[in-house]
file start.txt (compact mmCIF, C-alpha atoms and all ligand atoms)
# COMPACT_ATOMS: atom_id res chain seq x y z
CA MET A 1 0.00 0.00 0.00
CA LEU A 2 2.89 2.37 0.82
CA ASN A 3 5.91 2.60 -1.46
CA VAL A 4 8.83 4.85 -0.66
CA LYS A 5 10.58 5.14 -4.00
CA ASP A 6 14.19 6.21 -3.92
CA ILE A 7 13.68 9.38 -1.89
CA SER A 8 16.38 11.81 -0.79
CA CYS A 9 15.75 14.59 1.74
CA ASN A 10 17.74 17.71 2.59
CA TYR A 11 17.48 20.46 5.15
CA GLY A 12 18.83 23.40 3.13
CA GLU A 13 22.25 22.33 1.91
CA ILE A 14 22.52 19.40 4.34
CA LYS A 15 21.75 15.95 2.97
CA VAL A 16 19.83 13.91 5.54
CA LEU A 17 18.48 10.95 3.59
CA GLU A 18 19.75 9.46 0.32
CA ASN A 19 18.11 6.88 -1.92
CA ILE A 20 15.68 5.45 0.60
CA ASP A 21 13.62 2.76 -1.07
CA PHE A 22 11.19 0.30 0.52
CA GLY A 23 7.55 -0.78 0.55
CA THR A 24 5.20 -2.09 3.20
CA ASN A 25 2.92 -5.13 3.23
CA ARG A 26 -0.49 -5.59 4.81
CA GLY A 27 -0.33 -6.59 8.47
CA GLU A 28 3.39 -5.92 8.72
CA CYS A 29 5.36 -3.84 11.21
CA ILE A 30 8.54 -2.18 9.98
CA GLY A 31 10.95 -0.75 12.54
CA ILE A 32 13.16 2.17 11.60
CA ILE A 33 16.34 2.00 13.65
CA GLY A 34 19.63 3.86 13.58
CA PRO A 35 21.81 6.13 15.68
CA ASN A 36 20.80 9.63 16.76
CA GLY A 37 20.68 11.99 13.82
CA SER A 38 20.58 9.23 11.20
CA GLY A 39 17.31 10.55 9.75
CA LYS A 40 14.62 8.32 11.27
CA SER A 41 12.22 11.15 12.17
CA THR A 42 12.97 12.87 8.87
CA LEU A 43 11.86 9.72 7.06
CA LEU A 44 8.56 9.71 8.98
CA LYS A 45 8.16 13.43 8.23
CA ALA A 46 8.62 12.77 4.52
CA ILE A 47 6.10 9.90 4.55
CA SER A 48 3.55 12.04 6.40
CA LYS A 49 4.17 14.95 3.98
CA ILE A 50 5.50 17.33 6.64
CA ILE A 51 8.59 17.78 4.48
CA LYS A 52 8.97 17.32 0.75
CA PRO A 53 11.71 15.00 -0.51
CA ALA A 54 14.31 16.62 -2.77
CA SER A 55 13.89 13.66 -5.14
CA GLY A 56 11.94 10.41 -5.38
CA ASN A 57 8.27 9.69 -4.74
CA ILE A 58 6.09 8.34 -1.99
CA ILE A 59 3.15 6.33 -3.26
CA LEU A 60 0.20 5.59 -1.00
CA CYS A 61 -2.76 3.58 -2.32
CA GLU A 62 -1.31 3.98 -5.81
CA LYS A 63 -1.28 7.79 -5.55
CA ASP A 64 1.71 10.09 -5.19
CA ILE A 65 1.26 11.76 -1.77
CA SER A 66 2.52 15.07 -3.19
CA LYS A 67 -0.70 15.13 -5.24
CA MET A 68 -3.01 14.08 -2.39
CA SER A 69 -5.02 16.55 -0.30
CA SER A 70 -4.28 16.57 3.43
CA LYS A 71 -7.74 15.14 4.03
CA ASP A 72 -7.20 12.24 1.62
CA LEU A 73 -3.79 11.55 3.11
CA ALA A 74 -5.24 11.52 6.65
CA LYS A 75 -7.89 9.00 5.62
CA ASN A 76 -5.14 6.56 4.63
CA LEU A 77 -2.26 7.36 6.93
CA ALA A 78 -2.16 8.34 10.60
CA VAL A 79 0.71 9.50 12.76
CA VAL A 80 1.37 8.99 16.46
CA PRO A 81 3.93 11.67 17.30
CA GLN A 82 6.78 11.33 19.76
CA ASP A 83 5.37 13.94 22.10
CA THR A 84 1.81 13.01 23.08
CA ASN A 85 1.36 15.81 25.65
CA VAL A 86 -1.84 17.78 25.11
CA ASP A 87 -1.92 21.12 26.92
CA PHE A 88 -5.65 21.74 26.55
CA GLU A 89 -8.32 20.29 28.80
CA PHE A 90 -9.99 17.95 26.34
CA SER A 91 -11.74 14.78 27.37
CA CYS A 92 -10.28 11.57 25.93
CA LEU A 93 -13.42 11.06 23.84
CA ASP A 94 -12.98 14.57 22.33
CA ILE A 95 -9.36 13.70 21.51
CA VAL A 96 -10.32 10.46 19.77
CA LEU A 97 -13.15 12.19 17.87
CA MET A 98 -10.53 14.58 16.47
CA GLY A 99 -9.29 11.58 14.51
CA ARG A 100 -12.62 11.68 12.63
CA ASN A 101 -11.90 15.18 11.19
CA PRO A 102 -10.80 13.92 7.74
CA HIS A 103 -14.17 12.13 7.44
CA ILE A 104 -16.36 15.08 8.55
CA LYS A 105 -17.62 17.59 5.99
CA ARG A 106 -16.46 21.18 6.37
CA PHE A 107 -18.49 22.93 9.11
CA GLY A 108 -20.24 19.58 9.72
CA MET A 109 -20.84 17.86 13.07
CA GLU A 110 -19.80 14.39 14.16
CA SER A 111 -22.35 11.78 13.10
CA LYS A 112 -23.43 8.63 14.93
CA LYS A 113 -20.93 6.72 12.78
CA ASP A 114 -18.11 8.97 14.00
CA TYR A 115 -19.04 8.24 17.60
CA ASP A 116 -19.32 4.51 16.85
CA VAL A 117 -15.84 4.47 15.28
CA ALA A 118 -14.40 6.46 18.20
CA TYR A 119 -15.91 4.05 20.73
CA THR A 120 -14.64 1.02 18.77
CA CYS A 121 -11.12 2.46 18.63
CA MET A 122 -11.21 3.20 22.36
CA GLU A 123 -12.38 -0.32 23.01
CA GLN A 124 -9.56 -1.76 20.87
CA THR A 125 -6.97 0.29 22.72
CA GLY A 126 -8.44 -0.42 26.16
CA THR A 127 -9.26 3.25 26.77
CA LEU A 128 -13.07 3.30 26.71
CA HIS A 129 -13.22 3.55 30.49
CA LEU A 130 -11.18 6.77 30.22
CA LYS A 131 -13.55 8.48 27.76
CA ASP A 132 -14.74 11.21 30.18
CA ARG A 133 -11.35 11.77 31.82
CA LEU A 134 -9.22 14.77 30.88
CA ILE A 135 -6.27 13.77 28.68
CA SER A 136 -3.96 16.01 30.72
CA GLU A 137 -4.67 13.92 33.81
CA LEU A 138 -3.67 10.53 32.38
CA SER A 139 -0.49 8.55 32.91
CA GLY A 140 2.00 8.35 30.03
CA GLY A 141 0.87 4.84 29.05
CA GLU A 142 -2.83 5.73 29.15
CA ARG A 143 -2.22 8.92 27.13
CA GLN A 144 -0.21 7.00 24.54
CA ARG A 145 -3.08 4.54 24.06
CA VAL A 146 -5.62 7.37 23.68
CA ILE A 147 -3.43 9.01 21.02
CA ILE A 148 -3.21 5.66 19.22
CA ALA A 149 -7.03 5.45 19.42
CA ARG A 150 -7.20 8.92 17.81
CA ALA A 151 -4.93 7.72 15.00
CA LEU A 152 -7.08 4.59 14.51
CA ALA A 153 -10.23 6.74 14.35
CA GLN A 154 -8.87 8.10 11.08
CA GLU A 155 -9.37 4.52 9.78
CA PRO A 156 -5.95 4.52 8.13
CA GLY A 157 -4.26 1.66 6.28
CA VAL A 158 -0.84 2.86 7.41
CA LEU A 159 0.13 3.87 10.95
CA LEU A 160 3.35 5.79 11.63
CA LEU A 161 4.70 5.94 15.17
CA ASP A 162 7.68 8.01 16.25
CA GLU A 163 9.31 6.31 19.25
CA PRO A 164 5.99 5.15 20.72
CA VAL A 165 7.48 3.65 23.88
CA SER A 166 10.49 5.81 24.68
CA HIS A 167 8.84 7.57 27.65
CA LEU A 168 7.12 4.51 29.06
CA ASP A 169 8.15 2.11 31.79
CA ILE A 170 8.84 -1.48 30.77
CA ASN A 171 5.32 -2.69 31.57
CA HIS A 172 3.65 0.08 29.57
CA GLN A 173 6.15 -0.44 26.73
CA ILE A 174 5.05 -4.05 26.37
CA GLU A 175 1.39 -3.04 26.70
CA VAL A 176 1.64 -0.50 23.85
CA LEU A 177 3.73 -2.78 21.61
CA GLU A 178 1.34 -5.69 22.13
CA LEU A 179 -1.52 -3.37 21.23
CA ILE A 180 0.28 -2.43 18.00
CA GLU A 181 0.88 -6.12 17.32
CA ARG A 182 -2.84 -6.87 17.74
CA LEU A 183 -3.83 -3.98 15.50
CA LYS A 184 -1.60 -5.08 12.65
CA LYS A 185 -2.85 -8.65 12.96
CA ASN A 186 -6.57 -7.94 13.44
CA ASN A 187 -6.96 -4.79 11.31
CA GLY A 188 -4.29 -5.59 8.71
CA LEU A 189 -2.60 -2.27 9.51
CA GLU A 190 0.77 -1.48 7.96
CA VAL A 191 2.87 -0.10 10.76
CA ILE A 192 6.10 1.87 10.50
CA MET A 193 7.68 2.83 13.78
CA VAL A 194 10.86 4.53 14.81
CA ILE A 195 12.24 2.61 17.76
CA HIS A 196 15.48 3.00 19.70
CA ASP A 197 15.38 -0.13 21.80
CA LEU A 198 16.93 -2.81 19.58
CA ASN A 199 15.66 -5.69 21.70
CA LEU A 200 12.08 -4.46 21.49
CA ALA A 201 12.60 -3.85 17.76
CA ALA A 202 13.74 -7.47 17.34
CA ARG A 203 10.76 -8.71 19.33
CA TYR A 204 7.94 -6.67 17.80
CA CYS A 205 8.96 -5.77 14.22
CA ASP A 206 8.65 -8.09 11.23
CA ARG A 207 11.27 -6.16 9.31
CA LEU A 208 13.86 -3.56 10.23
CA ILE A 209 15.44 -0.73 8.28
CA LEU A 210 18.78 0.33 9.72
CA LEU A 211 19.79 3.88 8.78
CA HIS A 212 23.39 5.00 8.86
CA GLU A 213 25.09 8.03 7.32
CA ASN A 214 21.94 9.11 5.43
CA LYS A 215 21.43 5.73 3.79
CA ILE A 216 19.91 2.32 4.44
CA LEU A 217 22.79 0.25 5.81
CA CYS A 218 20.71 -2.91 5.94
CA ALA A 219 17.05 -3.93 5.69
CA GLY A 220 15.34 -7.24 6.32
CA ARG A 221 14.38 -9.64 9.08
CA PRO A 222 15.53 -8.56 12.56
CA GLU A 223 17.99 -11.47 12.79
CA ASP A 224 19.60 -10.44 9.49
CA VAL A 225 19.82 -6.74 10.35
CA LEU A 226 20.82 -6.92 14.01
CA THR A 227 24.21 -8.50 13.49
CA ARG A 228 27.27 -7.66 15.52
CA ASP A 229 28.97 -6.08 12.50
CA ASN A 230 25.99 -3.94 11.49
CA ILE A 231 25.56 -2.68 15.05
CA ARG A 232 29.24 -1.92 15.35
CA LYS A 233 29.20 -0.04 12.05
CA ALA A 234 26.03 1.97 12.67
CA PHE A 235 26.24 2.62 16.42
CA CYS A 236 30.01 2.13 17.06
CA ALA A 237 28.90 -0.27 19.80
CA ASN A 238 30.42 -3.57 20.82
CA VAL A 239 27.59 -6.02 21.43
CA LEU A 240 26.86 -9.68 21.84
CA VAL A 241 23.95 -10.91 19.72
CA ARG A 242 22.24 -14.11 20.85
CA ARG A 243 18.93 -15.82 20.34
CA HIS A 244 16.86 -15.76 23.50
CA PRO A 245 16.52 -19.35 24.75
CA LEU A 246 12.86 -18.86 25.73
CA THR A 247 11.41 -16.54 23.09
CA GLY A 248 13.67 -17.43 20.14
CA PHE A 249 14.03 -13.72 19.26
CA VAL A 250 17.49 -12.23 18.88
CA TYR A 251 18.60 -10.09 21.79
CA ILE A 252 21.52 -7.80 22.21
CA THR A 253 23.80 -7.26 25.16
CA LEU A 254 26.00 -4.19 25.20
CA LEU A 255 29.61 -5.06 26.01
CA ASN A 256 32.51 -2.82 26.96
CA SER A 257 34.13 -0.85 24.19
CA ASN A 258 36.34 -3.00 21.95
CA GLU A 259 39.57 -1.84 23.45
CA PRO A 260 40.39 -3.08 26.96
CA LYS A 261 41.61 -0.31 29.31
CA GLU A 262 44.89 -2.07 30.19
CA LYS A 263 46.12 -4.53 27.60
CA VAL A 264 48.01 -7.58 28.88
CA SER A 265 50.06 -7.60 25.75
CA GLY A 266 50.77 -10.92 24.15
CA LYS A 267 49.63 -13.09 27.08
CA LYS A 268 47.65 -16.08 25.91
CA VAL A 269 44.98 -17.93 27.85
CA HIS A 270 43.48 -21.17 26.53
CA LEU A 271 40.04 -21.97 27.88
CA ILE A 272 38.44 -25.39 28.29
CA SER A 273 34.72 -24.94 28.82
CA GLY A 274 31.28 -25.81 27.47
CA ALA A 275 27.53 -25.43 27.95
CA GLY A 276 27.76 -21.70 28.67
CA THR A 277 30.19 -22.08 31.61
CA GLY A 278 32.92 -20.26 29.69
CA THR A 279 31.03 -17.28 28.26
CA GLN A 280 31.57 -14.98 31.21
CA ILE A 281 35.21 -16.08 31.48
CA MET A 282 35.87 -15.33 27.79
CA TYR A 283 34.39 -11.86 28.10
CA SER A 284 36.14 -11.07 31.36
CA LEU A 285 39.56 -12.14 30.00
CA LEU A 286 39.10 -10.33 26.68
CA SER A 287 38.13 -7.16 28.55
CA LYS A 288 41.38 -7.42 30.50
CA GLY A 289 43.28 -7.64 27.24
CA TYR A 290 44.27 -11.32 27.18
CA ASP A 291 44.61 -13.16 23.90
CA VAL A 292 42.00 -15.89 24.47
CA SER A 293 41.61 -19.19 22.63
CA ALA A 294 39.17 -22.01 23.36
CA GLY A 295 38.66 -25.70 22.73
CA VAL A 296 37.28 -28.19 22.09
CA LEU A 297 33.78 -26.77 21.69
CA ASN A 298 30.93 -28.47 19.89
CA VAL A 299 29.19 -26.42 17.22
CA LEU A 300 25.84 -25.16 18.66
CA ASP A 301 27.18 -25.21 22.23
CA SER A 302 26.47 -21.80 23.76
CA ASP A 303 30.18 -21.32 24.54
CA TYR A 304 30.93 -22.03 20.87
CA GLU A 305 28.44 -19.33 19.84
CA ALA A 306 29.92 -16.84 22.30
CA ALA A 307 33.45 -17.65 21.08
CA MET A 308 32.40 -17.03 17.47
CA GLN A 309 30.75 -13.73 18.40
CA LEU A 310 33.84 -12.63 20.29
CA ASN A 311 36.18 -13.73 17.47
CA ILE A 312 37.99 -16.20 19.71
CA LYS A 313 40.20 -18.75 18.01
CA THR A 314 38.52 -22.08 18.76
CA VAL A 315 39.05 -25.78 18.17
CA ILE A 316 35.66 -27.02 17.11
CA GLU A 317 33.93 -30.36 16.91
CA ALA A 318 30.72 -31.45 15.17
CA PRO A 319 27.50 -30.87 17.14
CA PHE A 320 26.85 -33.41 19.94
CA SER A 321 29.91 -35.48 18.90
CA PRO A 322 32.78 -36.85 20.94
CA ILE A 323 36.16 -35.21 20.50
CA THR A 324 38.05 -36.73 17.56
CA PRO A 325 41.85 -37.36 17.64
CA GLU A 326 42.33 -34.43 15.22
CA ALA A 327 40.49 -31.96 17.46
CA TYR A 328 42.32 -33.40 20.49
CA ALA A 329 45.70 -32.78 18.83
CA GLN A 330 44.75 -29.22 17.84
CA ASN A 331 43.62 -28.53 21.39
CA ILE A 332 46.97 -29.75 22.75
CA GLU A 333 48.80 -27.50 20.25
CA MET A 334 46.81 -24.45 21.38
CA MET A 335 47.49 -25.27 25.02
CA LYS A 336 51.21 -25.54 24.29
CA ASN A 337 51.12 -22.05 22.77
CA ALA A 338 49.23 -20.54 25.71
CA ASP A 339 50.73 -19.04 28.86
CA VAL A 340 47.91 -20.22 31.11
CA ILE A 341 45.20 -22.89 30.84
CA VAL A 342 41.80 -22.17 32.37
CA VAL A 343 39.32 -25.00 32.87
CA SER A 344 35.73 -24.10 33.68
CA ASP A 345 33.73 -26.36 35.94
CA VAL A 346 31.86 -28.06 33.16
CA PRO A 347 29.95 -31.32 33.69
CA VAL A 348 32.04 -34.05 32.06
CA GLY A 349 30.60 -36.95 30.08
CA TRP A 350 32.27 -39.52 27.83
CA GLY A 351 32.07 -37.09 24.89
CA ASN A 352 34.11 -34.27 26.43
CA LEU A 353 36.29 -36.37 28.76
CA LYS A 354 39.10 -35.91 26.21
CA ASN A 355 39.23 -32.21 27.10
CA LEU A 356 40.19 -33.05 30.68
CA GLU A 357 42.64 -35.69 29.48
CA ALA A 358 44.35 -33.09 27.30
CA VAL A 359 44.65 -30.72 30.28
CA SER A 360 46.14 -33.48 32.42
CA GLU A 361 48.69 -34.17 29.68
CA ILE A 362 49.87 -30.56 29.76
CA ALA A 363 49.27 -29.70 33.45
CA GLY A 364 52.85 -30.16 34.75
CA SER A 365 54.33 -27.81 32.15
CA LYS A 366 51.83 -24.89 32.30
CA PRO A 367 49.89 -23.07 34.98
CA VAL A 368 46.36 -24.50 35.13
CA ILE A 369 43.46 -22.78 36.87
CA MET A 370 40.25 -24.69 37.56
CA VAL A 371 37.25 -22.35 37.86
CA GLU A 372 34.76 -23.78 40.32
CA ASP A 373 31.15 -22.77 40.17
CA GLU A 374 29.31 -21.96 43.38
CA ILE A 375 26.41 -24.13 42.32
CA SER A 376 27.24 -27.66 43.27
CA THR A 377 25.72 -30.01 40.70
CA GLU A 378 26.77 -33.37 39.34
CA LYS A 379 30.02 -32.82 37.43
CA ASP A 380 31.12 -36.36 36.61
CA PHE A 381 29.03 -38.48 34.27
CA THR A 382 31.85 -40.96 33.56
CA ASN A 383 31.68 -43.40 36.50
CA GLY A 384 34.50 -41.59 38.28
CA GLU A 385 36.88 -41.33 35.28
CA ALA A 386 36.61 -37.52 35.13
CA SER A 387 37.15 -37.20 38.91
CA LYS A 388 40.35 -39.26 38.66
CA ILE A 389 41.68 -37.01 35.88
CA ARG A 390 40.70 -33.88 37.85
CA GLU A 391 42.71 -35.19 40.81
CA LYS A 392 45.68 -35.79 38.52
CA ILE A 393 45.44 -32.19 37.26
CA MET A 394 45.25 -30.82 40.82
CA SER A 395 48.21 -32.88 41.98
CA ALA A 396 50.23 -31.47 39.07
CA GLY A 397 49.89 -28.02 40.68
CA ALA A 398 46.59 -26.62 39.37
CA VAL A 399 44.91 -23.94 41.49
CA ILE A 400 41.24 -23.22 42.04
CA ALA A 401 39.41 -19.97 41.28
CA HIS A 402 36.03 -19.57 42.97
CA GLY A 403 34.08 -18.06 40.08
CA ALA A 404 35.10 -16.02 37.04
CA GLY A 405 35.49 -12.86 39.14
CA GLU A 406 38.63 -14.17 40.89
CA LEU A 407 40.20 -15.37 37.68
CA PRO A 408 42.04 -12.28 36.36
CA ASP A 409 43.89 -11.76 39.67
CA ILE A 410 44.88 -15.43 39.90
CA ILE A 411 46.12 -15.41 36.29
CA LYS A 412 48.10 -12.25 36.97
CA ASN A 413 49.72 -13.85 40.06
CA LYS A 414 50.62 -16.94 38.04
CA LEU A 415 52.14 -14.87 35.23
CA ASP A 416 54.06 -12.65 37.70
CA ALA A 417 55.38 -15.69 39.62
N1 LIG B 501 14.45 21.23 10.87
C1 LIG B 501 15.72 20.90 10.68
N2 LIG B 501 16.60 21.73 10.11
C2 LIG B 501 17.88 21.38 9.91
N3 LIG B 501 18.40 20.18 10.22
C3 LIG B 501 17.57 19.30 10.80
C4 LIG B 501 16.20 19.60 11.06
N4 LIG B 501 15.62 18.51 11.63
C5 LIG B 501 16.61 17.58 11.73
N5 LIG B 501 17.78 18.05 11.23
C6 LIG B 501 19.04 17.32 11.13
O1 LIG B 501 18.82 16.18 10.29
C7 LIG B 501 19.51 15.05 10.78
C8 LIG B 501 18.52 13.91 11.00
O2 LIG B 501 17.63 14.26 12.04
P1 LIG B 501 16.46 13.29 12.51
O3 LIG B 501 15.72 14.00 13.60
O4 LIG B 501 15.72 12.82 11.34
O5 LIG B 501 17.31 12.09 13.10
P2 LIG B 501 16.85 10.88 14.02
O6 LIG B 501 17.49 9.68 13.46
O7 LIG B 501 15.37 10.88 14.16
O8 LIG B 501 17.54 11.29 15.40
P3 LIG B 501 17.17 10.91 16.92
O9 LIG B 501 17.46 9.45 17.08
O10 LIG B 501 18.16 11.74 17.70
O11 LIG B 501 15.75 11.28 17.19
C9 LIG B 501 20.21 15.51 12.05
O12 LIG B 501 21.54 15.83 11.73
C10 LIG B 501 19.48 16.76 12.47
O13 LIG B 501 20.32 17.66 13.12
call {"tool": "encode", "arguments": {"input": "start.txt", "output": "structure tokens"}}
result
Amino acid sequence: MLNVKDISCNYGEIKVLENIDFGTNRGECIGIIGPNGSGKSTLLKAISKIIKPASGNIILCEKDISKMSSKDLAKNLAVVPQDTNVDFEFSCLDIVLMGRNPHIKRFGMESKKDYDVAYTCMEQTGTLHLKDRLISELSGGERQRVIIARALAQEPGVLLLDEPVSHLDINHQIEVLELIERLKKNNGLEVIMVIHDLNLAARYCDRLILLHENKILCAGRPEDVLTRDNIRKAFCANVLVRRHPLTGFVYITLLNSNEPKEKVSGKKVHLISGAGTGTQIMYSLLSKGYDVSAGVLNVLDSDYEAAMQLNIKTVIEAPFSPITPEAYAQNIEMMKNADVIVVSDVPVGWGNLKNLEAVSEIAGSKPVIMVEDEISTEKDFTNGEASKIREKIMSAGAVIAHGAGELPDIIKNKLDA
């Protein structure tokens, strides 16, 4: 229904958007993301005809919006602005009825149909009980829903929202975003929203458009757009991108800046871990400036995924497979090249027993630190084999760190010794 065709926008001499090209589909929510000043609001202004693009066209319902009257435009497209404060003492019903203006004849009065539509929109947005309240007396979340009801009363096919949840607490954020989700599903609305929170964007948008330096850096499904590289390029931010184990949506964790404050130049730590027990250790050691390697990790293991995200050199093995002699030999090689070996307290079964064996082979010649977890769970699934090898490692001089937090100091002591 909406097609943004190769538009460029300027403010005077300053180029703000260049060659922006995309279309929307029925029942789809598109999130516009990008750093401050990348042109997100300008794009919404161009689509809602507040500013005129320097070149390109915006087609709505097969018509160029530059040739549409404001009334016609408002019947097809509604905007929920960033600032929803209303200074005047209007009741919520009056506010929602304002959305009917494009449908009311000049100097005409609201008809029964206008009231019916307003009530329906208030019902859909859960605001009908607020109809006689003054808009100025509502909470931010309630006000936001009333303003969305006003936009819906225009009966648009396309809904534009400029940062609809930025002033709301987490509970009201979810409430408003779930409302938008219902509206696109039930009413077939095409939604375009500017949104700063990348995790909410990943959760609630079907497609994302990432703006950077006036252009579209990447557009597509959230998991294709929200990659570590794209985020680094657009926001200069160092992040970890994972899939949430419960929801399946990608989520982003902001890490320290790329450069550690004090670099432990050239010192290598090889990590033996698995099942997520090494993720925190990897990050903590990288942040301190160590050159970290890891092994042997099975593809799909959460430590493997973290190692890939953090660009850690890793000996890998096929998913859910025991360690092969080749991977074992590579792991030994990496340990020989390291200054310190760190072993996380991973449960050991027959498949990963070889990792412990490799450590025991090297333990006398290198400092080995065993990181013990506070949570005491079953660690040996090998009828005592793993425990025997652990004892061998300890008797060869390994030391224990109680949690990842202690690790950097212990490593430093070992290296200084
Ligand atoms: N009316 C204006 N006149 C001149 N320059 C403007 C005007 N409005 C915005 N700009 C500039 O255009 C660029 C894009 O602004 P825009 O508000 O579209 O960015 P944004 O991505 O929405 O930013 P934010 O995330 O901070 O809200 C910025 O450099 C801004 O300073």
call {"tool": "atom_distance", "arguments": {"input": "start.txt", "atom1": "atom CA of A:Pro156", "atom2": "atom CA of A:Leu2"}}
result
11.7 Å
call {"tool": "residues_near_ligand", "arguments": {"input": "start.txt", "ligand": "ligand LIG 501 (chain B)", "cutoff": "8 Å", "atoms": "all atoms listed in the file", "output": "list of chain:residue names"}}
result
A:Asn10, A:Tyr11, A:Gly12, A:Ile14, A:Lys15, A:Val16, A:Leu17, A:Ile33, A:Gly34, A:Pro35, A:Asn36, A:Gly37, A:Ser38, A:Gly39, A:Lys40, A:Ser41, A:Thr42, A:Leu43, A:Val194, A:His196, A:Leu211
call {"tool": "residues_around", "arguments": {"input": "start.txt", "residues": "A:Gly23", "least_positions_apart": "5", "cutoff": "9 Å", "atoms": "only C-alpha atoms", "output": "ChimeraX atom specification"}}
result
/A:1-5
call {"tool": "residues_around", "arguments": {"input": "start.txt", "residues": "A:Gly27", "least_positions_apart": "3", "cutoff": "12 Å", "atoms": "only C-alpha atoms", "output": "JSON, numbers by chain"}}
result
{"A": [1, 24, 30, 157, 158, 159, 180, 181, 182, 183, 184, 185, 186, 187, 188, 189, 190, 191, 192, 205, 206, 207]}
call {"tool": "closest_residue", "arguments": {"input": "start.txt", "among": "A:Val296, A:Glu123, A:Asp301, A:Asp197", "to": "A:Thr279", "atoms": "all atoms listed in the file"}}
result
A:Asp301
call {"tool": "residues_around", "arguments": {"input": "start.txt", "residues": "stretch 51-57 of chain A", "least_positions_apart": "5", "cutoff": "7 Å", "atoms": "all atoms listed in the file", "output": "list of chain:residue names"}}
result
A:Val4, A:Lys5, A:Asp6, A:Ile7, A:Ser8, A:Cys9, A:Asn10, A:Lys45, A:Ala46, A:Asp64
call {"tool": "closest_residue", "arguments": {"input": "start.txt", "among": "A:Glu326, A:Glu223, A:Asp291, A:Glu361", "to": "A:Ala338", "atoms": "all atoms listed in the file"}}
result
A:Asp291
call {"tool": "residues_around", "arguments": {"input": "start.txt", "residues": "A:Ile393", "least_positions_apart": "6", "cutoff": "10 Å", "atoms": "all atoms listed in the file", "output": "PyMOL selection string"}}
result
chain A and resi 356-357+359-364+368-370+387+399
call {"tool": "closest_residue", "arguments": {"input": "start.txt", "among": "A:Met68, A:Ile281, A:Val340, A:Ile20", "to": "A:Cys218", "atoms": "only C-alpha atoms"}}
result
A:Ile20
call {"tool": "residues_near_point", "arguments": {"input": "start.txt", "point": "(34.6, -32.6, 26.8)", "cutoff": "8 Å", "atoms": "all atoms listed in the file", "output": "count of residues only"}}
result
15
call {"tool": "residues_around", "arguments": {"input": "start.txt", "residues": "stretch 80-84 of chain A", "least_positions_apart": "2", "cutoff": "10 Å", "atoms": "all atoms listed in the file", "output": "PDB file with C-alpha atoms, keeping the file's coordinate frame"}}
result
ATOM      1  CA  SER A  41      12.220  11.150  12.170  1.00  0.00           C
ATOM      2  CA  LEU A  44       8.560   9.710   8.980  1.00  0.00           C
ATOM      3  CA  ALA A  78      -2.160   8.340  10.600  1.00  0.00           C
ATOM      4  CA  VAL A  86      -1.840  17.780  25.110  1.00  0.00           C
ATOM      5  CA  ASP A  87      -1.920  21.120  26.920  1.00  0.00           C
ATOM      6  CA  ILE A 135      -6.270  13.770  28.680  1.00  0.00           C
ATOM      7  CA  GLY A 140       2.000   8.350  30.030  1.00  0.00           C
ATOM      8  CA  ARG A 143      -2.220   8.920  27.130  1.00  0.00           C
ATOM      9  CA  GLN A 144      -0.210   7.000  24.540  1.00  0.00           C
ATOM     10  CA  ARG A 145      -3.080   4.540  24.060  1.00  0.00           C
ATOM     11  CA  VAL A 146      -5.620   7.370  23.680  1.00  0.00           C
ATOM     12  CA  ILE A 147      -3.430   9.010  21.020  1.00  0.00           C
ATOM     13  CA  ILE A 148      -3.210   5.660  19.220  1.00  0.00           C
ATOM     14  CA  ALA A 149      -7.030   5.450  19.420  1.00  0.00           C
ATOM     15  CA  ARG A 150      -7.200   8.920  17.810  1.00  0.00           C
ATOM     16  CA  ALA A 151      -4.930   7.720  15.000  1.00  0.00           C
ATOM     17  CA  LEU A 152      -7.080   4.590  14.510  1.00  0.00           C
ATOM     18  CA  LEU A 159       0.130   3.870  10.950  1.00  0.00           C
ATOM     19  CA  LEU A 160       3.350   5.790  11.630  1.00  0.00           C
ATOM     20  CA  LEU A 161       4.700   5.940  15.170  1.00  0.00           C
ATOM     21  CA  ASP A 162       7.680   8.010  16.250  1.00  0.00           C
ATOM     22  CA  GLU A 163       9.310   6.310  19.250  1.00  0.00           C
ATOM     23  CA  PRO A 164       5.990   5.150  20.720  1.00  0.00           C
ATOM     24  CA  VAL A 165       7.480   3.650  23.880  1.00  0.00           C
ATOM     25  CA  SER A 166      10.490   5.810  24.680  1.00  0.00           C
ATOM     26  CA  HIS A 167       8.840   7.570  27.650  1.00  0.00           C
ATOM     27  CA  MET A 193       7.680   2.830  13.780  1.00  0.00           C
ATOM     28  CA  VAL A 194      10.860   4.530  14.810  1.00  0.00           C
TER      29      VAL A 194
END
call {"tool": "atom_distance", "arguments": {"input": "start.txt", "atom1": "atom CA of A:Asn101", "atom2": "atom CA of A:Gln173"}}
result
28.5 Å
call {"tool": "closest_residue", "arguments": {"input": "start.txt", "among": "A:Glu137, A:Asp21, A:Asp373, A:Glu89", "to": "A:Ile59", "atoms": "only C-alpha atoms"}}
result
A:Asp21
call {"tool": "atom_distance", "arguments": {"input": "start.txt", "atom1": "atom CA of A:Thr324", "atom2": "atom CA of A:Ser365"}}
result
23.6 Å
call {"tool": "closest_residue", "arguments": {"input": "start.txt", "among": "A:Ala219, A:Leu77, A:Leu285, A:Ala275", "to": "A:Asp303", "atoms": "only C-alpha atoms"}}
result
A:Ala275
call {"tool": "residues_near_point", "arguments": {"input": "start.txt", "point": "(26.3, -2.2, 24.7)", "cutoff": "10 Å", "atoms": "all atoms listed in the file", "output": "PyMOL selection string"}}
result
chain A and resi 231-232+235-240+252-257
